[in-house]
Amino acid sequence: MTLNWSLRKKTDPISQKENIDPSINLLSDLETNSLAQIKGFAPSLSVKLKAHLQAYGIIPGNTLRVQQKKPVTVVQVEHTEIALETELAKSIYVEIN
């Protein structure tokens, strides 16, 4: 079976989240000082961007803490702090600890 990528409908991460476990949240929905375990990424996130995030420790199974929500989401993973734009934070699935 051949998939024609040019005809494939793009969906946003929020609508894609509806198809996963209800205990999973979007990183963008967490409150400041929340601890959460990274569960995965939205299917729409590019392989290159996933690899970039993983280089900074945003890896499924790792725990992160939300340090700040505005103007961007700042998270701490191990000894690394990283600032994420809101749209990118909507593409990271987490489970609250």
# chains A, B, ... in the order shown; residues from 1 in each chain; ligands from 1
$ select_by_dssp --residues "segment 17-81 of chain A" --states "alpha helix (DSSP H)" --output "PyMOL selection string"
chain A and resi 17+47-55
$ write_last_selection --atoms "N, CA and C atoms" --output "tab-separated table (two decimals), in the first residue's frame"
chain	number	residue	atom	x	y	z
A	17	LYS	N	-3.81	13.87	20.57
A	17	LYS	CA	-3.77	13.41	21.94
A	17	LYS	C	-5.04	12.66	22.31
A	47	VAL	N	11.24	13.96	12.88
A	47	VAL	CA	12.31	13.12	13.42
A	47	VAL	C	13.48	13.99	13.84
A	48	LYS	N	13.79	15.00	13.05
A	48	LYS	CA	14.91	15.90	13.36
A	48	LYS	C	14.66	16.65	14.67
A	49	LEU	N	13.44	17.13	14.88
A	49	LEU	CA	13.12	17.86	16.11
A	49	LEU	C	13.11	16.92	17.31
A	50	LYS	N	12.61	15.70	17.14
A	50	LYS	CA	12.65	14.72	18.23
A	50	LYS	C	14.09	14.44	18.65
A	51	ALA	N	14.97	14.28	17.67
A	51	ALA	CA	16.38	14.01	17.96
A	51	ALA	C	17.01	15.20	18.70
A	52	HIS	N	16.65	16.39	18.31
A	52	HIS	CA	17.17	17.59	18.96
A	52	HIS	C	16.72	17.64	20.43
A	53	LEU	N	15.43	17.36	20.68
A	53	LEU	CA	14.92	17.35	22.05
A	53	LEU	C	15.60	16.26	22.87
A	54	GLN	N	15.78	15.10	22.27
A	54	GLN	CA	16.41	13.99	22.98
A	54	GLN	C	17.85	14.30	23.35
A	55	ALA	N	18.53	15.09	22.53
A	55	ALA	CA	19.90	15.49	22.84
A	55	ALA	C	19.96	16.32	24.13
$ closest_residue --among "A:Ile96, A:Pro71, A:Asn62, A:Ile82" --to "Asn33 of chain A" --atoms "only C-alpha atoms"
A:Ile96
$ residues_around --residues "segment 74-81 of chain A" --least-positions-apart "3" --cutoff "6 Å" --atoms "only C-alpha atoms" --output "ChimeraX atom specification"
/A:64-68
$ atom_distance --atom1 "atom CA of Thr32 of chain A" --atom2 "atom CA of Ser46 of chain A"
26.8 Å
$ closest_residue --among "A:Ser28, A:Thr63, A:Ser44, A:Gln37" --to "Thr86 of chain A" --atoms "only C-alpha atoms"
A:Ser28
